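J.: Once you've had a glance at the structure underneath, I'll fire off some questions.
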Amino acid sequence: MNNKIDFLILWVDGSDPEWLKEKAKYNPNKVKKDGVDGTIRFRDWDNLKYWFRGIEKFAPWINNIYFITWGHLPKWLNTNHPKLKIIKHTDYIPKKYLPVFSSNPIELNVNRIKELSEQFVLFNDDMFLIDDVKPEDFFIDGLPVDNYTEVNLDLSGEDPVFAGILKNNYHVLSKKYNKRKIVLTHPQKYLNAKYGLGRNLRTLKNTITKKDFVGIDNNHVYQPFLKSYFDKAWQEIYDEMDHTSSNRFRDVSDINQFLIRYFQLMDGKFIPNDYDFGKYFSVSNDNQEIIDYIEKQKGKCICINDTNPNIDFEKCKSEINSAFDKILNKKSKFEK
């Protein structure tokens, strides 16, 4: 078995005039096409270097890093690093889908990257390692390390596009899998002491009272994947994969990579873990909890989501980046 583990990260330079020009050509009028103002979604926190420093310091054993980009690159990035593989959208996404400005087709087609290992971990550029990780934190005996909890999702507060995508995921999942049969087949994976009593009770209650899937807890940090499960999705739900890949911008009719994870979970292709490895935060004008989580290294990974148009952006950026600098102040070999 090939036990190599690759990391894969998606990145976009939202200030690139050529990218903006091409985006405007396909979507000139709808600033909020994907439910979030583009100036917020793509503003630059100037902290990508801390992502690379975290990988070098906390995961030096990694095989390769696949840096997925429209074509632009950070000026400081050392593209000659032997572990860094620069992959443009045009290198692997079929021409009929290009250009794309949504992460969904970019992620759903990554199995077309021939050199990518069977075991890989997907990151977004707002997810950072902040403490030592081992290969066993991601994969054990060739299986992703993951967890399963059913939840009752209240999507009323979500942006309508993302809410629609989640509903589509669960609709496909309910058509393909018998939830109760799945839980009975691998009970120790779906009801596990590592998840805690409350999570297990929610899963048990939803399994008994609801035939279809109504929600699965999403970790919102890095996600380990088996490349072959993207192949499986293209074989078994081609129409949904093709439709989403054909949408240049995020659309309420999409599915997303969460569904690939769910397929892995449904087939029992995972090793149960707890929920203490990382945490998701939304930026506000009071980021002390984020700062403490980074500086005190309270988890192994942090996701810092930026969708708040009302923050003092420069102040928040300075505070959070200063916290990263406390634990990752040494320049990495991924920097020139």
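All residue names refer to the structure tokens as shown: chains lettered A, B, ... in order, residues numbered from 1 in each chain, ligands numbered from 1 in order.
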Among the residues of range 182-271 of chain A, find those DSSP assigns to alpha helix (DSSP H) from the backbone and print them as a PyMOL selection string.

T.: chain A and resi 182-185+187-190+197-209+227-236+238-246+258-266

J.: So that I can check the surroundings of range 101-117 of chain A, please list as a ChimeraX atom specification every protein, DNA and RNA residue that reaches within 7 Å of it, counting only C-alpha atoms and ignoring chain neighbours fewer than 6 positions away.

T.: /A:4-6,92-93,227,230-231,244-245,248-250,256-257

J.: Can you list every residue in range 265-329 of chain A that DSSP puts in strand (DSSP E or B), as a PyMOL selection string?

T.: chain A and resi 271-272+278-282+301-305

J.: Pick from A:Lys49, A:His243, A:Lys179, A:Lys211: nearest to Pro74 in chain A, with only C-alpha atoms counted?

T.: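 Closest to Pro74 in chain A, using only C-alpha atoms: A:Lys49.
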
J.: Return the single residue from A:Ile62, A:Val283, A:Leu48, A:Met241 that is closest to Lys134 in chain A, with distances computed using only C-alpha atoms.

T.: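 Distance minimum relative to Lys134 in chain A lands on A:Ile62.
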
J.: When you count only C-alpha atoms, which of these residues is closest to Ile130 in chain A: A:Asp276, A:Glu295, A:Asp251, A:Asp267?

T.: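 Among the listed residues, A:Glu295 lies closest to Ile130 in chain A.
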
J.: For each of A:Asp325, A:Asp46, A:Asp274, A:Glu118, take the minimum atom-to-atom distance to Ser228 in chain A, counting only C-alpha atoms, then give the residue where this is smallest.

T.: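 Comparing A:Asp325, A:Asp46, A:Asp274, A:Glu118 against Ser228 in chain A, the winner is A:Glu118.
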
J.: Please list as a PDB file with C-alpha atoms, in the first residue's frame every residue within 9 Å of Leu8 in chain A, counting only C-alpha atoms and excluding residues in the same chain fewer than 3 positions away.

T.:
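This went into out-v4.pdb:
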```pdb
ATOM      1  CA  ASN A  64       3.843  16.865  -1.541  1.00  0.00           C
ATOM      2  CA  ILE A  65       1.797  20.047  -1.432  1.00  0.00           C
ATOM      3  CA  TYR A  66      -0.504  20.668  -4.389  1.00  0.00           C
ATOM      4  CA  PHE A  67      -1.136  24.391  -4.706  1.00  0.00           C
ATOM      5  CA  ILE A  68      -4.271  24.892  -6.818  1.00  0.00           C
ATOM      6  CA  LEU A 116      -1.996  13.296  -6.471  1.00  0.00           C
ATOM      7  CA  PHE A 120      -4.659  13.452   0.505  1.00  0.00           C
ATOM      8  CA  VAL A 121      -5.868  16.191   2.823  1.00  0.00           C
ATOM      9  CA  LEU A 122      -7.890  19.111   1.495  1.00  0.00           C
ATOM     10  CA  PHE A 123      -7.291  22.564   2.951  1.00  0.00           C
ATOM     11  CA  ASN A 124      -8.784  25.927   2.153  1.00  0.00           C
TER      12      ASN A 124
END
```

J.: What's the 8 Å shell around Tyr50 in chain A, counting only C-alpha atoms, without same-chain residues fewer than 3 positions away, as an MDAnalysis selection string?

T.: chainID A and resid 47 53:54 128 324:325 328
